[in-house]
>>> print(open('coords-v1.cif').read())   # mmCIF, C-alpha atoms and all ligand atoms
data_data
#
loop_
_atom_site.label_atom_id
_atom_site.label_comp_id
_atom_site.auth_asym_id
_atom_site.auth_seq_id
_atom_site.Cartn_x
_atom_site.Cartn_y
_atom_site.Cartn_z
CA MET G 1 -4.20 -11.41 2.15
CA ARG G 2 -5.31 -10.26 5.60
CA HIS G 3 -8.99 -9.32 5.95
CA ILE G 4 -9.96 -6.58 8.32
CA GLY G 5 -13.60 -6.33 9.22
CA THR G 6 -14.68 -9.36 7.18
CA ARG G 7 -15.69 -12.48 9.02
CA PHE G 8 -16.15 -15.84 7.28
CA PRO G 9 -18.53 -18.44 8.76
CA VAL G 10 -16.92 -21.75 9.66
CA ILE G 11 -19.18 -24.63 8.55
CA ALA G 12 -18.81 -27.93 10.37
CA ASN G 13 -20.57 -31.20 9.51
CA GLY G 14 -20.57 -34.72 10.86
CA PHE G 15 -20.74 -36.75 7.59
CA SER G 16 -18.15 -39.40 6.75
CA GLY G 17 -17.51 -42.16 4.15
CA LYS G 18 -15.57 -42.51 0.89
CA ARG G 19 -18.36 -41.22 -1.38
CA ILE G 20 -18.81 -38.13 0.64
CA LEU G 21 -15.07 -37.64 0.68
CA LEU G 22 -14.92 -38.08 -3.12
CA ALA G 23 -17.87 -35.73 -3.69
CA GLY G 24 -16.31 -33.30 -1.24
CA GLY G 25 -12.99 -33.52 -3.06
CA LEU G 26 -14.64 -32.86 -6.43
CA LEU G 27 -16.63 -29.96 -5.02
CA ALA G 28 -13.53 -28.51 -3.40
CA ALA G 29 -11.57 -28.87 -6.65
CA THR G 30 -14.39 -27.20 -8.63
CA ALA G 31 -14.78 -24.44 -6.06
CA GLY G 32 -10.99 -24.01 -6.05
CA GLY G 33 -10.99 -23.83 -9.86
CA ILE G 34 -13.76 -21.22 -9.86
CA ALA G 35 -12.00 -19.20 -7.16
CA ALA G 36 -8.71 -19.38 -9.10
CA TYR G 37 -10.48 -18.38 -12.34
CA ARG G 38 -12.14 -15.42 -10.58
CA PHE G 39 -8.82 -14.41 -9.00
CA PHE G 40 -6.90 -14.36 -12.29
CA ASN G 41 -9.72 -13.09 -14.50
CA ASN G 42 -10.15 -10.01 -12.33
CA ALA G 43 -10.29 -7.29 -14.97
CA GLN G 44 -13.49 -5.22 -15.21
CA PRO G 45 -14.51 -3.53 -18.51
CA ASP G 46 -13.30 -0.13 -17.27
CA THR G 47 -10.03 -1.31 -15.72
CA THR G 48 -6.57 -1.63 -17.21
CA VAL G 49 -4.64 -3.93 -14.90
CA SER G 50 -5.21 -7.69 -15.23
CA ARG G 51 -3.80 -10.82 -13.63
CA LEU G 52 -4.04 -12.78 -16.90
CA LYS G 53 -1.29 -10.85 -18.65
CA PHE G 54 1.19 -7.97 -18.39
CA THR G 55 -0.41 -4.89 -20.01
CA PRO G 56 1.74 -2.15 -21.61
CA ILE G 57 1.19 1.40 -20.35
CA SER G 58 3.08 4.58 -21.08
CA LEU G 59 4.55 7.23 -18.82
CA GLU G 60 2.74 10.57 -18.99
CA SER G 61 5.04 12.57 -16.69
CA SER G 62 7.60 12.24 -13.94
CA GLU G 63 8.36 14.62 -11.10
CA LYS G 64 11.38 14.65 -8.83
CA LEU G 65 10.19 14.77 -5.20
CA THR G 66 13.56 14.40 -3.41
CA HIS G 67 17.12 13.48 -4.39
CA ASP G 68 16.12 9.80 -4.69
CA VAL G 69 12.31 9.75 -5.05
CA LYS G 70 10.17 10.39 -8.12
CA ARG G 71 6.44 10.52 -8.68
CA LEU G 72 5.50 8.76 -11.94
CA ARG G 73 2.17 9.35 -13.67
CA PHE G 74 1.04 6.73 -16.20
CA LYS G 75 -1.51 7.38 -18.93
CA LEU G 76 -4.68 5.30 -19.30
CA ASP G 77 -7.51 5.62 -21.82
CA ASP G 78 -9.77 8.48 -20.67
CA ASP G 79 -12.62 6.15 -19.67
CA LYS G 80 -10.37 3.59 -17.94
CA ARG G 81 -9.06 3.35 -14.38
CA LEU G 82 -6.19 1.21 -13.12
CA GLY G 83 -8.47 -1.10 -11.08
CA PHE G 84 -7.34 -2.19 -7.62
CA ASN G 85 -8.80 -2.91 -4.20
CA VAL G 86 -7.38 -1.21 -1.14
CA SER G 87 -4.78 -2.17 -0.17
CA SER G 88 -2.97 -3.46 -3.23
CA ALA G 89 0.26 -3.10 -5.13
CA VAL G 90 0.76 -3.58 -8.87
CA LEU G 91 3.69 -5.38 -10.51
CA PHE G 92 5.75 -3.29 -12.95
CA ARG G 93 7.89 -5.14 -15.50
CA VAL G 94 10.75 -3.28 -17.17
CA ARG G 95 13.48 -4.19 -19.63
CA GLN G 96 17.12 -3.96 -18.51
CA ALA G 97 19.93 -2.71 -20.74
CA ASP G 98 20.90 -6.36 -21.43
CA GLY G 99 17.36 -7.13 -22.70
CA LYS G 100 16.30 -9.16 -19.63
CA THR G 101 13.04 -8.25 -17.92
CA GLU G 102 12.53 -7.78 -14.18
CA TRP G 103 9.44 -6.88 -12.15
CA ARG G 104 8.83 -5.30 -8.76
CA PRO G 105 5.65 -4.30 -6.89
CA TYR G 106 4.76 -0.61 -6.46
CA THR G 107 1.76 0.84 -4.62
CA PRO G 108 -0.59 3.20 -6.49
CA VAL G 109 -1.06 6.43 -4.52
CA SER G 110 -3.74 8.03 -6.72
CA ALA G 111 -7.42 7.46 -5.92
CA ARG G 112 -8.75 4.00 -6.64
CA ASN G 113 -11.37 5.28 -9.10
CA GLN G 114 -9.18 7.86 -10.85
CA GLN G 115 -9.84 7.62 -14.58
CA GLY G 116 -7.37 8.41 -17.35
CA TRP G 117 -4.17 8.08 -15.29
CA PHE G 118 -2.65 6.76 -12.07
CA GLU G 119 0.44 7.56 -10.02
CA ILE G 120 3.12 5.72 -8.10
CA VAL G 121 6.04 7.05 -6.08
CA VAL G 122 9.36 5.27 -6.50
CA LYS G 123 12.50 5.47 -4.39
CA ARG G 124 15.69 4.82 -6.37
CA TYR G 125 18.24 2.30 -5.10
CA ASP G 126 21.45 2.91 -7.02
CA LYS G 127 22.30 -0.80 -7.17
CA GLY G 128 18.71 -1.87 -7.80
CA LEU G 129 17.57 -3.62 -10.98
CA VAL G 130 14.19 -1.93 -11.41
CA SER G 131 13.99 1.39 -9.52
CA PRO G 132 16.81 3.06 -11.56
CA VAL G 133 15.02 2.00 -14.78
CA MET G 134 11.78 3.48 -13.47
CA HIS G 135 13.60 6.73 -12.62
CA ALA G 136 15.10 6.93 -16.13
CA LEU G 137 11.71 6.62 -17.89
CA LYS G 138 10.81 9.53 -20.18
CA PRO G 139 7.25 10.57 -21.14
CA GLY G 140 6.02 8.17 -23.83
CA ASP G 141 8.22 5.28 -22.61
CA THR G 142 6.39 2.02 -21.95
CA VAL G 143 6.41 -0.40 -19.02
CA GLU G 144 4.12 -3.35 -18.35
CA VAL G 145 1.75 -3.83 -15.40
CA TRP G 146 0.20 -6.93 -13.83
CA GLY G 147 -2.12 -7.24 -10.90
CA PRO G 148 -3.35 -6.03 -8.61
CA LEU G 149 -1.59 -7.86 -5.82
CA PRO G 150 -3.89 -7.46 -2.80
CA PHE G 151 -2.39 -7.54 0.67
CA LEU G 152 -5.10 -6.16 2.94
CA ASP G 153 -8.85 -6.39 2.37
CA TYR G 154 -10.19 -3.21 3.95
CA SER G 155 -13.91 -2.82 4.71
CA PRO G 156 -15.33 0.58 5.76
CA ASP G 157 -16.03 1.13 9.45
CA SER G 158 -14.16 -2.04 10.45
CA PHE G 159 -12.47 -0.08 13.23
CA ARG G 160 -13.17 3.19 15.03
CA ASP G 161 -9.53 4.29 14.68
CA VAL G 162 -6.85 3.50 12.14
CA GLY G 163 -3.31 4.52 13.12
CA LEU G 164 -0.62 4.41 10.44
CA ILE G 165 3.12 4.56 11.09
CA ALA G 166 5.17 5.15 7.93
CA GLY G 167 8.88 5.60 7.30
CA GLY G 168 10.20 7.17 4.06
CA SER G 169 8.78 5.55 0.90
CA GLY G 170 6.72 3.31 3.22
CA ILE G 171 4.17 6.11 3.04
CA THR G 172 2.69 4.71 -0.19
CA PRO G 173 0.33 2.01 1.20
CA CYS G 174 -0.52 4.34 4.11
CA LEU G 175 -1.56 7.10 1.70
CA GLN G 176 -3.55 4.62 -0.42
CA LEU G 177 -5.55 3.47 2.63
CA THR G 178 -5.94 7.00 4.04
CA ARG G 179 -7.25 8.39 0.76
CA HIS G 180 -9.66 5.47 0.43
CA ILE G 181 -11.12 6.02 3.94
CA LEU G 182 -11.35 9.81 3.63
CA GLU G 183 -12.95 9.78 0.20
CA ASN G 184 -15.79 7.49 1.37
CA PRO G 185 -18.39 9.62 3.22
CA ASP G 186 -19.96 6.40 4.56
CA ASP G 187 -16.71 5.39 6.27
CA HIS G 188 -16.53 7.09 9.68
CA THR G 189 -13.12 5.72 10.66
CA LYS G 190 -10.68 8.26 12.10
CA VAL G 191 -7.15 8.06 10.66
CA THR G 192 -3.98 9.20 12.42
CA LEU G 193 -0.72 9.09 10.46
CA LEU G 194 2.77 9.30 11.98
CA PHE G 195 5.28 9.87 9.16
CA ALA G 196 8.98 9.41 9.99
CA ASN G 197 11.86 10.75 7.87
CA LYS G 198 15.55 11.52 8.26
CA THR G 199 15.37 15.21 7.33
CA ALA G 200 12.69 17.73 6.32
CA ASP G 201 13.88 17.44 2.70
CA ASP G 202 13.07 13.72 2.71
CA ILE G 203 9.35 14.19 3.42
CA ILE G 204 7.50 13.15 0.27
CA LEU G 205 3.85 13.87 -0.61
CA LYS G 206 3.62 16.49 2.19
CA ASN G 207 1.31 18.71 0.12
CA GLU G 208 -1.10 15.83 -0.47
CA LEU G 209 -1.05 14.80 3.20
CA ASP G 210 -1.48 18.36 4.52
CA GLY G 211 -4.24 18.94 1.93
CA LEU G 212 -6.12 15.83 3.10
CA ALA G 213 -5.74 16.91 6.75
CA ALA G 214 -7.09 20.39 5.93
CA LYS G 215 -10.00 18.94 3.92
CA HIS G 216 -10.95 16.27 6.51
CA PRO G 217 -10.05 17.76 9.93
CA ASP G 218 -12.56 15.52 11.74
CA LYS G 219 -11.30 12.32 10.14
CA PHE G 220 -7.56 12.74 9.56
CA ALA G 221 -4.52 14.02 11.46
CA VAL G 222 -0.89 13.79 10.29
CA HIS G 223 2.23 14.08 12.51
CA TYR G 224 5.74 14.33 11.10
CA ILE G 225 8.82 13.13 12.97
CA LEU G 226 12.41 13.79 11.86
CA ASN G 227 15.70 12.17 12.92
CA SER G 228 17.53 15.44 12.21
CA ALA G 229 15.14 18.28 12.85
CA PRO G 230 16.07 21.83 11.77
CA ASP G 231 16.07 24.64 14.39
CA LYS G 232 12.59 25.97 13.75
CA TRP G 233 10.97 22.54 13.25
CA GLN G 234 7.48 22.47 14.79
CA GLY G 235 6.93 18.71 14.56
CA LEU G 236 8.29 15.74 16.50
CA ALA G 237 11.99 14.83 16.60
CA GLY G 238 13.92 11.59 17.19
CA ASN G 239 12.93 7.99 16.56
CA VAL G 240 9.49 6.40 16.61
CA ASP G 241 9.67 5.18 20.21
CA ARG G 242 7.15 4.32 22.90
CA ALA G 243 6.71 7.92 24.05
CA VAL G 244 5.95 9.13 20.50
CA VAL G 245 3.47 6.33 19.82
CA GLU G 246 1.73 6.99 23.15
CA LYS G 247 1.60 10.69 22.38
CA VAL G 248 0.05 10.64 18.89
CA MET G 249 -1.44 7.24 18.06
CA PRO G 250 -4.98 6.21 19.03
CA PRO G 251 -4.76 4.12 22.22
CA ALA G 252 -4.75 0.31 22.02
CA SER G 253 -8.25 -1.17 21.99
CA ALA G 254 -10.28 -3.79 20.13
CA SER G 255 -11.51 -1.01 17.82
CA THR G 256 -8.04 0.30 16.92
CA PHE G 257 -6.08 -0.93 13.91
CA ILE G 258 -2.41 -0.02 13.38
CA GLY G 259 -0.63 -0.35 10.01
CA VAL G 260 3.16 -0.06 9.77
CA CYS G 261 5.36 0.36 6.68
CA GLY G 262 8.96 1.46 6.43
CA PRO G 263 12.59 0.37 6.59
CA PRO G 264 13.00 -3.09 8.21
CA ALA G 265 14.74 -1.66 11.31
CA MET G 266 11.88 0.76 11.96
CA VAL G 267 9.21 -1.90 11.37
CA ALA G 268 11.02 -4.28 13.77
CA ALA G 269 11.41 -1.66 16.52
CA VAL G 270 7.81 -0.48 16.25
CA SER G 271 5.93 -3.70 15.52
CA GLY G 272 8.32 -6.67 15.70
CA ASP G 273 10.40 -8.50 13.10
CA ARG G 274 8.96 -9.52 9.75
CA PRO G 275 10.27 -12.97 8.81
CA GLY G 276 9.73 -12.36 5.05
CA PRO G 277 7.98 -10.14 2.52
CA VAL G 278 4.69 -12.01 2.91
CA ALA G 279 4.83 -13.29 6.51
CA GLN G 280 3.66 -10.88 9.21
CA GLY G 281 5.56 -12.39 12.15
CA LYS G 282 4.46 -11.78 15.73
CA ILE G 283 3.49 -8.38 17.05
CA GLY G 284 6.52 -7.07 18.93
CA GLY G 285 8.37 -3.87 19.74
CA VAL G 286 6.61 -0.74 20.93
CA LEU G 287 3.16 -1.83 19.75
CA LYS G 288 3.33 -5.04 21.79
CA GLU G 289 4.52 -3.14 24.87
CA LEU G 290 1.53 -0.83 24.54
CA GLY G 291 -0.97 -3.68 24.12
CA TYR G 292 -2.01 -3.24 20.46
CA THR G 293 -3.51 -6.43 19.00
CA ASN G 294 -4.77 -5.42 15.51
CA VAL G 295 -1.47 -4.74 13.74
CA PHE G 296 -0.60 -5.11 10.05
CA LYS G 297 2.91 -4.79 8.59
CA PHE G 298 2.44 -3.63 4.95
C1 LIG M 301 3.98 -4.92 -1.71
C2 LIG M 301 5.13 -3.96 -2.01
C3 LIG M 301 4.84 -2.66 -2.38
C4 LIG M 301 5.88 -1.77 -2.69
N1 LIG M 301 5.58 -0.47 -3.01
C5 LIG M 301 6.60 0.40 -3.26
C6 LIG M 301 6.33 1.79 -3.60
O1 LIG M 301 5.16 2.22 -3.67
N2 LIG M 301 7.40 2.61 -3.83
C7 LIG M 301 8.70 2.16 -3.75
O2 LIG M 301 9.62 2.95 -3.98
N3 LIG M 301 8.97 0.86 -3.46
C8 LIG M 301 7.97 -0.01 -3.23
N4 LIG M 301 8.26 -1.32 -2.95
C9 LIG M 301 9.66 -1.79 -3.07
C10 LIG M 301 9.93 -2.15 -4.56
O3 LIG M 301 9.09 -3.20 -4.97
C11 LIG M 301 11.39 -2.59 -4.84
O4 LIG M 301 11.73 -3.59 -3.91
C12 LIG M 301 12.38 -1.45 -4.75
O5 LIG M 301 12.04 -0.45 -5.71
C13 LIG M 301 13.81 -1.93 -5.04
O6 LIG M 301 13.82 -2.60 -6.27
P1 LIG M 301 15.14 -2.60 -7.19
O7 LIG M 301 14.90 -3.59 -8.28
O8 LIG M 301 15.50 -1.23 -7.59
O9 LIG M 301 16.26 -3.13 -6.19
P2 LIG M 301 16.76 -4.65 -6.07
O10 LIG M 301 17.44 -5.05 -7.33
O11 LIG M 301 15.60 -5.48 -5.62
O12 LIG M 301 17.77 -4.54 -4.87
C14 LIG M 301 19.14 -4.17 -5.08
C15 LIG M 301 19.71 -3.56 -3.83
O13 LIG M 301 18.99 -2.36 -3.52
C16 LIG M 301 18.86 -2.22 -2.11
N5 LIG M 301 17.45 -2.25 -1.70
C17 LIG M 301 16.41 -2.69 -2.44
N6 LIG M 301 15.25 -2.55 -1.79
C18 LIG M 301 15.55 -2.02 -0.59
C19 LIG M 301 14.78 -1.62 0.53
N7 LIG M 301 13.44 -1.73 0.56
N8 LIG M 301 15.43 -1.09 1.62
C20 LIG M 301 16.77 -0.95 1.60
N9 LIG M 301 17.56 -1.31 0.56
C21 LIG M 301 16.97 -1.82 -0.52
C22 LIG M 301 19.59 -3.31 -1.49
O14 LIG M 301 20.89 -2.89 -1.25
C23 LIG M 301 19.58 -4.38 -2.56
O15 LIG M 301 20.59 -5.29 -2.39
C24 LIG M 301 7.23 -2.20 -2.62
C25 LIG M 301 7.50 -3.53 -2.24
C26 LIG M 301 6.47 -4.39 -1.93
C27 LIG M 301 6.81 -5.81 -1.53
#
>>> encode(input="coords-v1.cif", output="structure tokens")
Amino acid sequence: MRHIGTRFPVIANGFSGKRILLAGGLLAATAGGIAAYRFFNNAQPDTTVSRLKFTPISLESSEKLTHDVKRLRFKLDDDKRLGFNVSSAVLFRVRQADGKTEWRPYTPVSARNQQGWFEIVVKRYDKGLVSPVMHALKPGDTVEVWGPLPFLDYSPDSFRDVGLIAGGSGITPCLQLTRHILENPDDHTKVTLLFANKTADDIILKNELDGLAAKHPDKFAVHYILNSAPDKWQGLAGNVDRAVVEKVMPPASASTFIGVCGPPAMVAAVSGDRPGPVAQGKIGGVLKELGYTNVFKF
């Protein structure tokens, strides 16, 4: 997990000798055990998701957002919330037609403290093992959740500006972080979102994004860019290139953070290759050219 805005002290000492090594080893093992226990036993009394077990939850409703994207709302007890830190995903385990189970991470897009329900947005891959099952769920059907799986530890006011560059369903972690910043009156960070899609019909969650921009004009601005823009399109058109980033993103500085999430080709062109799902890789692409140093690939 990458921390932004949290600094840990580095403690150095000059002691040596076998006993000290042994005592140090025992202490480290105990501390490691406590840390592991705390990590797995993360559930709070009012939360639903836990890292000790998969917990069954049922679908309350599903809504088709585009030809291949659905918003799924899951029901919780009225006094319970899902329970996750920003930014996190949650693992969803489903049963295949052949009885085998498979899990995949999805990113909650509802507010972190929302009680009684939570929402995710899922893009369907026709040949996928899990996303078609998620799309076929009917109200009352059950899936299992585990987590949360944290990937960025966000602290308020860590940066003056947060710029987010999202492509397609890569909007989900960007919306989670945006909502979290905007809904905290003590967080003065300004958020700028650049949201790239193929066509106007592919833009998901536009109402939510426009609603947040209207409600928080001093803290949040959203820009849409389309590969194939219709005639009367008022937004940006083309690919997310250097000129677009220079035009809408906060300029590179020590107090600017940029988060990127989208199809691998877009992430590589904008921020450099990602060697794997967990590894960040070096900053590259447009963001490197423009001198950004605080970059996170969701
Ligand atoms: C931390 C994290 C958070 C995520 N959050 C979300 C989210 O909020 N919403 C969401 O829709 N997805 C999200 N994903 C992706 C999700 O976890 C699955 O990978 C995705 O739904 C595909 O799973 P599947 O089982 O249907 O396909 P799989 O069985 O894994 O893949 C089968 C085939 O589908 C195609 N495919 C699968 N994934 C992709 C892809 N990303 N790009 C292009 N082709 C692909 C490929 O052709 C692949 O061979 C997230 C992933 C991570 C790592």
>>> residues_near_ligand(input="coords-v1.cif", ligand="ligand LIG 301 (chain M)", cutoff="8 Å", atoms="all atoms listed in the file", output="JSON, numbers by chain")
{"G": [69, 88, 89, 90, 102, 103, 104, 105, 106, 107, 108, 109, 120, 121, 122, 123, 124, 125, 126, 127, 128, 129, 130, 131, 132, 133, 149, 151, 169, 170, 171, 172, 173, 263, 264, 277, 278, 298]}
>>> closest_residue(input="coords-v1.cif", among="G:Lys215, G:Lys288, G:Arg73, G:Arg81", to="G:Leu182", atoms="all atoms listed in the file")
G:Lys215
>>> atom_distance(input="coords-v1.cif", atom1="atom CA of G:Pro156", atom2="atom CA of G:Ile204")
26.6 Å
>>> residues_near_point(input="coords-v1.cif", point="(15.2, 12.5, 14.0)", cutoff="7 Å", atoms="all atoms listed in the file", output="PyMOL selection string")
chain G and resi 198+225-229+237-239
>>> closest_residue(input="coords-v1.cif", among="G:Arg95, G:Lys53, G:Lys100, G:Lys80", to="G:Gln115", atoms="all atoms listed in the file")
G:Lys80
>>> residues_around(input="coords-v1.cif", residues="G:Ser50", least_positions_apart="2", cutoff="9 Å", atoms="only C-alpha atoms", output="VMD selection string")
chain G and resid 40 to 44 47 to 48 52 to 55 83 145 to 148
>>> build_atoms(input="coords-v1.cif", residues="stretch 160-186 of chain G", atoms="N, CA and C atoms", output="mmCIF file, in the coordinates of the input")
data_model
loop_
_atom_site.group_PDB
_atom_site.id
_atom_site.type_symbol
_atom_site.label_atom_id
_atom_site.label_comp_id
_atom_site.auth_asym_id
_atom_site.auth_seq_id
_atom_site.Cartn_x
_atom_site.Cartn_y
_atom_site.Cartn_z
ATOM 1 N N ARG G 160 -12.874 1.772 14.733
ATOM 2 C CA ARG G 160 -13.170 3.190 15.030
ATOM 3 C C ARG G 160 -11.959 4.048 14.647
ATOM 4 N N ASP G 161 -10.755 3.533 14.957
ATOM 5 C CA ASP G 161 -9.530 4.290 14.680
ATOM 6 C C ASP G 161 -8.556 3.469 13.871
ATOM 7 N N VAL G 162 -7.965 4.107 12.874
ATOM 8 C CA VAL G 162 -6.850 3.500 12.140
ATOM 9 C C VAL G 162 -5.629 4.396 12.391
ATOM 10 N N GLY G 163 -4.578 3.804 12.943
ATOM 11 C CA GLY G 163 -3.310 4.520 13.120
ATOM 12 C C GLY G 163 -2.310 3.969 12.126
ATOM 13 N N LEU G 164 -1.597 4.855 11.441
ATOM 14 C CA LEU G 164 -0.620 4.410 10.440
ATOM 15 C C LEU G 164 0.741 4.979 10.793
ATOM 16 N N ILE G 165 1.754 4.111 10.773
ATOM 17 C CA ILE G 165 3.120 4.560 11.090
ATOM 18 C C ILE G 165 3.971 4.254 9.867
ATOM 19 N N ALA G 166 4.442 5.318 9.190
ATOM 20 C CA ALA G 166 5.170 5.150 7.930
ATOM 21 C C ALA G 166 6.576 5.720 8.056
ATOM 22 N N GLY G 167 7.513 5.080 7.368
ATOM 23 C CA GLY G 167 8.880 5.600 7.300
ATOM 24 C C GLY G 167 9.276 5.741 5.843
ATOM 25 N N GLY G 168 9.709 6.947 5.426
ATOM 26 C CA GLY G 168 10.200 7.170 4.060
ATOM 27 C C GLY G 168 9.191 6.754 2.998
ATOM 28 N N SER G 169 9.674 5.941 1.995
ATOM 29 C CA SER G 169 8.780 5.550 0.900
ATOM 30 C C SER G 169 7.713 4.567 1.361
ATOM 31 N N GLY G 170 7.778 4.131 2.629
ATOM 32 C CA GLY G 170 6.720 3.310 3.220
ATOM 33 C C GLY G 170 5.407 4.070 3.365
ATOM 34 N N ILE G 171 5.403 5.329 3.003
ATOM 35 C CA ILE G 171 4.170 6.110 3.040
ATOM 36 C C ILE G 171 3.163 5.626 2.003
ATOM 37 N N THR G 172 3.612 4.953 0.934
ATOM 38 C CA THR G 172 2.690 4.710 -0.190
ATOM 39 C C THR G 172 1.448 3.875 0.171
ATOM 40 N N PRO G 173 1.575 2.720 0.848
ATOM 41 C CA PRO G 173 0.330 2.010 1.200
ATOM 42 C C PRO G 173 -0.488 2.776 2.234
ATOM 43 N N CYS G 174 0.198 3.558 3.085
ATOM 44 C CA CYS G 174 -0.520 4.340 4.110
ATOM 45 C C CYS G 174 -1.356 5.426 3.434
ATOM 46 N N LEU G 175 -0.800 6.073 2.414
ATOM 47 C CA LEU G 175 -1.560 7.100 1.700
ATOM 48 C C LEU G 175 -2.723 6.455 0.930
ATOM 49 N N GLN G 176 -2.469 5.292 0.337
ATOM 50 C CA GLN G 176 -3.550 4.620 -0.420
ATOM 51 C C GLN G 176 -4.741 4.343 0.504
ATOM 52 N N LEU G 177 -4.467 3.795 1.694
ATOM 53 C CA LEU G 177 -5.550 3.470 2.630
ATOM 54 C C LEU G 177 -6.207 4.740 3.171
ATOM 55 N N THR G 178 -5.392 5.731 3.500
ATOM 56 C CA THR G 178 -5.940 7.000 4.040
ATOM 57 C C THR G 178 -6.891 7.639 3.041
ATOM 58 N N ARG G 179 -6.433 7.768 1.810
ATOM 59 C CA ARG G 179 -7.250 8.390 0.760
ATOM 60 C C ARG G 179 -8.584 7.643 0.607
ATOM 61 N N HIS G 180 -8.483 6.321 0.623
ATOM 62 C CA HIS G 180 -9.660 5.470 0.430
ATOM 63 C C HIS G 180 -10.687 5.717 1.561
ATOM 64 N N ILE G 181 -10.215 5.795 2.799
ATOM 65 C CA ILE G 181 -11.120 6.020 3.940
ATOM 66 C C ILE G 181 -11.718 7.421 3.864
ATOM 67 N N LEU G 182 -10.871 8.419 3.596
ATOM 68 C CA LEU G 182 -11.350 9.810 3.630
ATOM 69 C C LEU G 182 -12.325 10.092 2.493
ATOM 70 N N GLU G 183 -12.108 9.453 1.349
ATOM 71 C CA GLU G 183 -12.950 9.780 0.200
ATOM 72 C C GLU G 183 -14.293 9.037 0.240
ATOM 73 N N ASN G 184 -14.499 8.185 1.237
ATOM 74 C CA ASN G 184 -15.790 7.490 1.370
ATOM 75 C C ASN G 184 -16.588 8.147 2.496
ATOM 76 N N PRO G 185 -17.626 8.938 2.162
ATOM 77 C CA PRO G 185 -18.390 9.620 3.220
ATOM 78 C C PRO G 185 -19.099 8.641 4.147
ATOM 79 N N ASP G 186 -19.284 7.387 3.707
ATOM 80 C CA ASP G 186 -19.960 6.400 4.560
ATOM 81 C C ASP G 186 -18.986 5.662 5.476
#
